[in-house]
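K.L.:
Here it is: the structure, laid out below.
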Amino acid sequence: MTRRNMTNSGGSFDPAQLARKTKRWVVKVGTSVLTDDKGGQVSRHCVQAVASEIVSLCKEGKEVILVTSGAIGIGMGVLGLKHRPSELAKLQAAAATGQGKLVQWYTSRMEEEGFHAAQVLLTRGDMEDRQRRLNVKATLETLLKAGIIPIINENDTVSTEEIRYGDNDLLSAHVASLVGADLLLLLTDVDHLDGADGPLYLVREITPAIEKAARGTDKPSSTGGMRSKLEAARIAMAHGIPLGVLNGRGRLHLDGLNKKGTWFIP
């Protein structure tokens with residue numbers, strides 16, 4: 001198999017089969033998935049649609065950790081900000097304003113469907129300090145054992161530039177490696193990532209050509225983009241964890257898992 005076929009062809013890979021075989025999932029939801037089509041604001045309806053999908057996965061026997069963006073987007077709406085603040089204090093104010101609403105929207109829907117959730121706010125320092133990292137792992141394992149869905153976000157209200165991940169793609173990859181996840185999904189608003197020669201469907205090696213094609217995002221309330229997803233994929237693949245970049249507007253039930261995504265397979 002040539003390198004081009006390895007990186008740009010779906011081959012015989014079956015995402016639905018992978019989904020059925022795996023149990024512990026980390027699902028990262030980007031702000032773009034939680035944004036409505038009208039006003040461009042993070043909406044309660046979109047958040048609760050994702051909550052229902054997560055519950056559906058749990059009902060199908062999966063252990064799911066949700067890593068979610070959206071707090072800053074909600075806070076921006078409340079504060080009347082049209083663009084993501086660059087000043088740290090304003091960023092933290094937006095995060096503080098939006099985080100409570102975000103978690104409330106998730107938990108209210110999950111509880112309606114018979115599941116409880118727990119908020120976990122993390123910084124890079126929590127993941128890099130050995131004892132704190134072990135404490136995080138123990139907490140997540142305890143929640144999963146109790147059937148409670150962990151909802152993770154970066155603790156933007158206390159993070160400084162030195163201890164920030166900056167986007168949840170990287171945070172989700174580190175969480176996946178921490179808990180020994182079987183699968184990591186990054187939900188966004190596109191069907192797949194694009195390389196220099198067209199759509200990427202199946203990637204077994206992150207080549208210089210793929211890296212060159214990567215770029216950030218120009219969305220006003222988002223961070224990341226293809227570049228951060230490649231960095232997350234590199235971390236996941238190093239730990240033997242398959243990673244899928246999928247359009248989060250579609251359903252996640254096991255037999256209908258979106259096959260148009262980009263899959264990074266270690």
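Going by the structure tokens order, chains are called A, B, ..., each with residues numbered from 1, while ligands are numbered from 1 in the order shown.
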Quick one: pick out all strand (DSSP E or B) residues within segment 25-242 of chain A from a backbone DSSP run and write them as a PyMOL selection string.
P.N.:
chain A and resi 25-29+35+42+63-68+117-122+149-154+183-188+193-195+198-200+202-203
K.L.:
Could the residues in this selection be saved with N, CA and C atoms as a tab-separated table (two decimals), in the first residue's frame?
P.N.:
chain	number	residue	atom	x	y	z
A	25	TRP	N	-14.91	5.44	25.85
A	25	TRP	CA	-14.76	6.50	24.85
A	25	TRP	C	-14.52	7.84	25.54
A	26	VAL	N	-13.69	8.66	24.91
A	26	VAL	CA	-13.62	10.07	25.23
A	26	VAL	C	-14.17	10.81	24.03
A	27	VAL	N	-15.17	11.65	24.25
A	27	VAL	CA	-15.81	12.40	23.17
A	27	VAL	C	-15.61	13.89	23.43
A	28	LYS	N	-14.90	14.55	22.52
A	28	LYS	CA	-14.67	15.99	22.64
A	28	LYS	C	-15.61	16.72	21.68
A	29	VAL	N	-16.32	17.71	22.21
A	29	VAL	CA	-17.29	18.47	21.42
A	29	VAL	C	-16.78	19.89	21.26
A	35	THR	N	-23.16	25.47	18.33
A	35	THR	CA	-23.59	26.78	17.84
A	35	THR	C	-24.77	26.63	16.90
A	42	VAL	N	-23.82	29.79	20.94
A	42	VAL	CA	-23.96	28.48	21.58
A	42	VAL	C	-25.37	28.40	22.14
A	63	GLU	N	-18.69	3.41	28.29
A	63	GLU	CA	-18.27	4.35	29.32
A	63	GLU	C	-17.80	5.61	28.59
A	64	VAL	N	-18.45	6.73	28.84
A	64	VAL	CA	-18.16	7.93	28.06
A	64	VAL	C	-17.70	9.07	28.97
A	65	ILE	N	-16.57	9.66	28.60
A	65	ILE	CA	-16.11	10.90	29.20
A	65	ILE	C	-16.30	11.99	28.16
A	66	LEU	N	-17.02	13.04	28.53
A	66	LEU	CA	-17.29	14.14	27.61
A	66	LEU	C	-16.34	15.29	27.91
A	67	VAL	N	-15.60	15.72	26.91
A	67	VAL	CA	-14.76	16.92	27.01
A	67	VAL	C	-15.42	17.97	26.14
A	68	THR	N	-15.88	19.04	26.74
A	68	THR	CA	-16.70	19.99	25.99
A	68	THR	C	-16.15	21.41	26.00
A	117	ALA	N	-24.35	13.40	35.93
A	117	ALA	CA	-23.07	13.86	35.38
A	117	ALA	C	-22.31	14.60	36.46
A	118	ALA	N	-21.00	14.74	36.26
A	118	ALA	CA	-20.14	15.45	37.21
A	118	ALA	C	-19.22	16.39	36.44
A	119	GLN	N	-19.10	17.61	36.91
A	119	GLN	CA	-18.20	18.57	36.29
A	119	GLN	C	-16.78	18.38	36.80
A	120	VAL	N	-15.82	18.34	35.85
A	120	VAL	CA	-14.40	18.24	36.19
A	120	VAL	C	-13.66	19.32	35.40
A	121	LEU	N	-13.07	20.29	36.09
A	121	LEU	CA	-12.33	21.37	35.44
A	121	LEU	C	-10.83	21.13	35.64
A	122	LEU	N	-10.08	21.16	34.55
A	122	LEU	CA	-8.67	20.80	34.61
A	122	LEU	C	-7.80	21.90	33.98
A	149	ILE	N	-21.44	10.35	34.29
A	149	ILE	CA	-20.76	10.85	33.10
A	149	ILE	C	-19.89	12.05	33.48
A	150	PRO	N	-18.56	11.94	33.37
A	150	PRO	CA	-17.71	13.11	33.63
A	150	PRO	C	-17.83	14.11	32.48
A	151	ILE	N	-18.03	15.38	32.83
A	151	ILE	CA	-18.04	16.46	31.85
A	151	ILE	C	-16.82	17.33	32.13
A	152	ILE	N	-15.85	17.30	31.23
A	152	ILE	CA	-14.56	17.95	31.44
A	152	ILE	C	-14.44	19.19	30.58
A	153	ASN	N	-13.86	20.23	31.15
A	153	ASN	CA	-13.50	21.42	30.39
A	153	ASN	C	-12.22	21.96	30.99
A	154	GLU	N	-11.49	22.76	30.22
A	154	GLU	CA	-10.33	23.41	30.79
A	154	GLU	C	-10.79	24.48	31.78
A	183	LEU	N	-11.15	4.65	22.48
A	183	LEU	CA	-11.50	5.44	21.31
A	183	LEU	C	-11.63	6.91	21.71
A	184	LEU	N	-11.14	7.79	20.85
A	184	LEU	CA	-11.27	9.24	21.05
A	184	LEU	C	-11.96	9.83	19.83
A	185	LEU	N	-13.04	10.56	20.06
A	185	LEU	CA	-13.76	11.22	18.98
A	185	LEU	C	-13.69	12.73	19.17
A	186	LEU	N	-13.33	13.44	18.11
A	186	LEU	CA	-13.35	14.90	18.11
A	186	LEU	C	-14.49	15.34	17.21
A	187	LEU	N	-15.52	15.92	17.80
A	187	LEU	CA	-16.70	16.32	17.03
A	187	LEU	C	-16.58	17.78	16.63
A	188	THR	N	-16.75	18.04	15.34
A	188	THR	CA	-16.62	19.37	14.80
A	188	THR	C	-17.76	19.63	13.82
A	193	LEU	N	-11.20	16.09	7.58
A	193	LEU	CA	-10.09	17.01	7.40
A	193	LEU	C	-9.58	16.91	5.96
A	194	ASP	N	-8.99	17.97	5.49
A	194	ASP	CA	-8.46	18.01	4.13
A	194	ASP	C	-6.94	18.07	4.15
A	195	GLY	N	-6.32	17.29	3.28
A	195	GLY	CA	-4.89	17.36	3.06
A	195	GLY	C	-4.59	18.13	1.79
A	198	GLY	N	-6.53	16.59	-1.13
A	198	GLY	CA	-7.96	16.32	-1.00
A	198	GLY	C	-8.32	15.78	0.37
A	199	PRO	N	-9.52	15.23	0.49
A	199	PRO	CA	-10.00	14.75	1.79
A	199	PRO	C	-9.12	13.65	2.38
A	200	LEU	N	-8.98	13.68	3.69
A	200	LEU	CA	-8.29	12.61	4.41
A	200	LEU	C	-9.35	11.74	5.09
A	202	LEU	N	-8.49	8.04	6.02
A	202	LEU	CA	-7.81	7.09	6.89
A	202	LEU	C	-6.33	7.45	6.94
A	203	VAL	N	-5.86	7.74	8.14
A	203	VAL	CA	-4.46	8.16	8.33
A	203	VAL	C	-3.77	7.19	9.28
K.L.:
For each of A:Arg20, A:Arg124, A:Lys59, A:Arg234, take the minimum atom-to-atom distance to Glu211 of chain A, counting only C-alpha atoms, then give the residue where this is smallest.
P.N.:
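For Glu211 of chain A, the nearest of the given residues is A:Arg234.
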K.L.:
Show which residues sit within 10 Å of Lys229 of chain A, as a PyMOL selection string. Count only C-alpha atoms, and ignore same-chain residues fewer than 4 positions away.
P.N.:
chain A and resi 167-170+173+186+193+214-216+224-225+233-235+243-245
K.L.:
Report, in Å with one decimal, the straight-line distance from atom CA of Gly30 of chain A to atom CA of Ser172 of chain A.
P.N.:
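Straight-line distance from atom CA of Gly30 of chain A to atom CA of Ser172 of chain A works out to 11.0 Å.
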K.L.:
Segment 30-210 of chain A: which residues are helix (DSSP H, G or I) by DSSP, as a PyMOL selection string?
P.N.:
chain A and resi 31-34+44-59+71-79+88-112+124-128+130-145+161-163+168-179+208-210
K.L.:
A:Ala94, A:Met110, A:Arg227, A:Arg84: which is nearest Cys58 of chain A, counting only C-alpha atoms?
P.N.:
A:Met110
K.L.:
Please provide the set of residues having any atom within 8 Å of segment 135-141 of chain A, restricted to only C-alpha atoms, with same-chain residues fewer than 6 positions apart removed, written as a PyMOL selection string.
P.N.:
chain A and resi 126-127+150+178-179
